[in-house]
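Heads up, the thing below is written out as structure tokens.
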Amino acid sequence: MTTVIIGQNSENYEFIGSVLLEDDTMISYKLSFKDIGNGKITGQSITDFAGEHRTISSIEGQIDYKNNTISYKETKNLLTKSNYEDDSFCYIHLNKANIKLRNRKSVIEGSFQGKYPNDEPCVSGEIRLVGTDFFFKKMDRFNRRISRINKIDSLTKAKLATSIFKNKVENNTLQNEDVVALFLPKAKHVFLEIWDEELEDGDKIDVFVNKKLVLENYEIKNQKKILKLPFTQPEMTIAVVANNIGVKAPNTVSLVLRAKQEQHKLRTKLEKNQQAFLLLKHN
């Protein structure tokens, strides 16, 4: 179980990232430590944490909160998968690296000197770490984007391919996996207006254009959000994904598509994680 608490007034800190050696070799690295008083820190590092040389070492050092620096050294191995002898291990010694302790993005960056247990130098390089809270939030967002794109590919590819293009909207309410395929006048841009015609209740959406995320976790408001989208390719796919259900179900969004003097009004009614599609083509 990992506890992540990041902030100057907290005692426990956790970072993840990599060390970059002088020969450009990159090795995964994780650092966790506790401030035991007056900026003195003790904790552990994990080197190559997903690899065949995974090694856990104890660390001790000091944080200078006034100057935003951290210094520490690895003192001994606690556990390792490597076959190297203890006296051949190269321990990281970090001196006055930059440290930023923020709730949303904590960072450690600096140069280190590697030393053998007898204090002789072995290797040097750079260390770059971010707070695990920030790291895993970024990974969650990335994985969510990938899963959305994969879902578009797996569930709707055939449906999009067989859609019949029309010159006007016949049913302006889109529910889960619905596709509206429209001819629009040839133009450099198409405009997509997004808003909530009813009570603002916290509905949030993602908008993908040709699988590229252009609007992330946007909370729908009564005031219109207008996206200006390049329409230079023969076809364009717009996916609207419901991220949640607000105060009142379902997730509802009003939409207007505009190209030159032509416009089409639509509305989505989706449950959480459901999606609807607009398929546009030059007429």
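Residue numbering restarts at 1 for every chain of the structure tokens, chains are lettered A, B, ... in their displayed order, and ligands are numbered from 1 as they appear.
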Could you find all residues in range 47-230 of chain A that DSSP calls helix (DSSP H, G or I) from the backbone, and write them as a ChimeraX atom specification?
/A:86-88,132-161
Using only C-alpha atoms, what table do you get, as JSON lines, when you list each residue of range 193-213 of chain A with an atom no more than 8 Å from range 249-252 of chain A, its nearest pair of atoms, and their distance in Å rounded to one decimal, rows by chain then rising number?
```
{"residue": "A:Asp196", "atom": "CA", "partner": "A:Thr252", "partner_atom": "CA", "distance": 7.2}
{"residue": "A:Asp203", "atom": "CA", "partner": "A:Asn251", "partner_atom": "CA", "distance": 5.6}
{"residue": "A:Lys204", "atom": "CA", "partner": "A:Asn251", "partner_atom": "CA", "distance": 7.6}
```
With only C-alpha atoms as the atoms that count, which of A:Asn222, A:Thr42, A:Asn176, A:Thr232 lies nearest to Gln275 in chain A?
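Closest candidate: A:Asn176.
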Determine, counting only C-alpha atoms, which protein, DNA and RNA residues have an atom within 8 Å of an atom of Lys228 in chain A; residues of the same chain fewer than 5 positions away are not included. Present the result as a list in words.
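The neighbour list is His189, Val190, Phe191 and Leu192 of chain A.
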Residues from the last selection, N, CA, C and O atoms, saved as a PDB file, in the first residue's frame:
```
ATOM      1  N   HIS A 189     -13.409  25.795 -42.567  1.00  0.00           N
ATOM      2  CA  HIS A 189     -13.687  25.462 -41.166  1.00  0.00           C
ATOM      3  C   HIS A 189     -15.157  25.122 -40.977  1.00  0.00           C
ATOM      4  O   HIS A 189     -16.016  25.590 -41.727  1.00  0.00           O
ATOM      5  N   VAL A 190     -15.420  24.300 -39.974  1.00  0.00           N
ATOM      6  CA  VAL A 190     -16.769  24.080 -39.496  1.00  0.00           C
ATOM      7  C   VAL A 190     -16.792  24.509 -38.032  1.00  0.00           C
ATOM      8  O   VAL A 190     -15.802  24.333 -37.305  1.00  0.00           O
ATOM      9  N   PHE A 191     -17.889  25.105 -37.610  1.00  0.00           N
ATOM     10  CA  PHE A 191     -18.013  25.586 -36.243  1.00  0.00           C
ATOM     11  C   PHE A 191     -18.966  24.671 -35.478  1.00  0.00           C
ATOM     12  O   PHE A 191     -20.052  24.333 -35.966  1.00  0.00           O
ATOM     13  N   LEU A 192     -18.551  24.291 -34.280  1.00  0.00           N
ATOM     14  CA  LEU A 192     -19.373  23.459 -33.414  1.00  0.00           C
ATOM     15  C   LEU A 192     -19.688  24.243 -32.148  1.00  0.00           C
ATOM     16  O   LEU A 192     -18.790  24.583 -31.373  1.00  0.00           O
TER      17      LEU A 192
END
```
Return the single residue from A:Glu219, A:Asp35, A:Glu271, A:Asp23 that is closest to Tyr65 in chain A, with distances computed using only C-alpha atoms.
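Checking each of A:Glu219, A:Asp35, A:Glu271, A:Asp23 against Tyr65 in chain A, counting only C-alpha atoms, the winner is A:Asp35.
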Can you tell me which residues surround Ser32 in chain A at a distance of at most 6 Å, considering only C-alpha atoms, apart from same-chain residues fewer than 3 positions away, and format the answer as a PyMOL selection string?
chain A and resi 13-14+43-44
Could those residues be written to a file, using N, CA and C atoms, as a compact mmCIF listing (two decimals), in the first residue's frame?
```
# COMPACT_ATOMS: atom_id res chain seq x y z
N TYR A 13 6.79 11.80 1.38
CA TYR A 13 6.92 12.24 0.00
C TYR A 13 7.22 11.04 -0.90
N GLU A 14 6.70 11.09 -2.11
CA GLU A 14 6.96 10.01 -3.05
C GLU A 14 7.06 10.57 -4.46
N GLY A 43 14.59 7.32 3.96
CA GLY A 43 13.62 6.63 3.13
C GLY A 43 14.26 5.57 2.26
N GLN A 44 13.66 5.34 1.09
CA GLN A 44 14.11 4.29 0.19
C GLN A 44 14.09 4.78 -1.26
```
Any chance you could list, as number ranges by chain, the residues in range 49-270 of chain A that come up strand (DSSP E or B) when DSSP is run on the backbone?
A: 55-64, 69-80, 91-100, 107-115, 121-131, 166, 173-174, 179-184, 189-195, 204-209, 212-219, 225-230, 235-242, 251-259, 262-270
Extract, using only C-alpha atoms, all DNA, RNA and protein residues at most 6 Å from Leu21 in chain A, discarding same-chain residues fewer than 3 positions from it, and format them as a short mmCIF file (atom, residue, chain, number, x, y, z; two decimals) with N, CA and C atoms, in the first residue's frame.
```cif
data_model
loop_
_atom_site.label_atom_id
_atom_site.label_comp_id
_atom_site.auth_asym_id
_atom_site.auth_seq_id
_atom_site.Cartn_x
_atom_site.Cartn_y
_atom_site.Cartn_z
N ASP A 24 23.77 8.27 -21.80
CA ASP A 24 22.39 8.38 -22.27
C ASP A 24 21.53 7.16 -21.92
N THR A 25 22.04 6.26 -21.09
CA THR A 25 21.20 5.16 -20.60
C THR A 25 20.17 5.71 -19.61
N GLY A 125 25.30 11.49 -13.71
CA GLY A 125 24.17 11.69 -14.61
C GLY A 125 23.16 12.67 -14.06
#
```
Of the residues A:Ala181, A:Ile127, A:Ala97, A:Val207, which is the one nearest to Leu227 in chain A, using only C-alpha atoms?
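Closest candidate: A:Val207.
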Which one of A:Cys122, A:Ile41, A:Val241, A:Leu101 sits closest to Asn217 in chain A if you count only C-alpha atoms?
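With only C-alpha atoms as the atom set, the closest residue is A:Val241.
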Restricting the calculation to only C-alpha atoms, which member of A:Ile27, A:Leu280, A:Val247, A:Leu129 is positioned closest to His264 in chain A?
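So, comparing all the options, the nearest one is A:Leu280.
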One residue among A:Phe231, A:Phe112, A:Tyr218, A:Phe208 is nearest to Ala187 in chain A when using only C-alpha atoms, and that residue is A:Phe231
For a test of reading the model, state the distance in Å between CA of Asn283 in chain A and CA of Lys265 in chain A, rounded to one decimal.
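Calculated distance between CA of Asn283 in chain A and CA of Lys265 in chain A is 18.3 Å.
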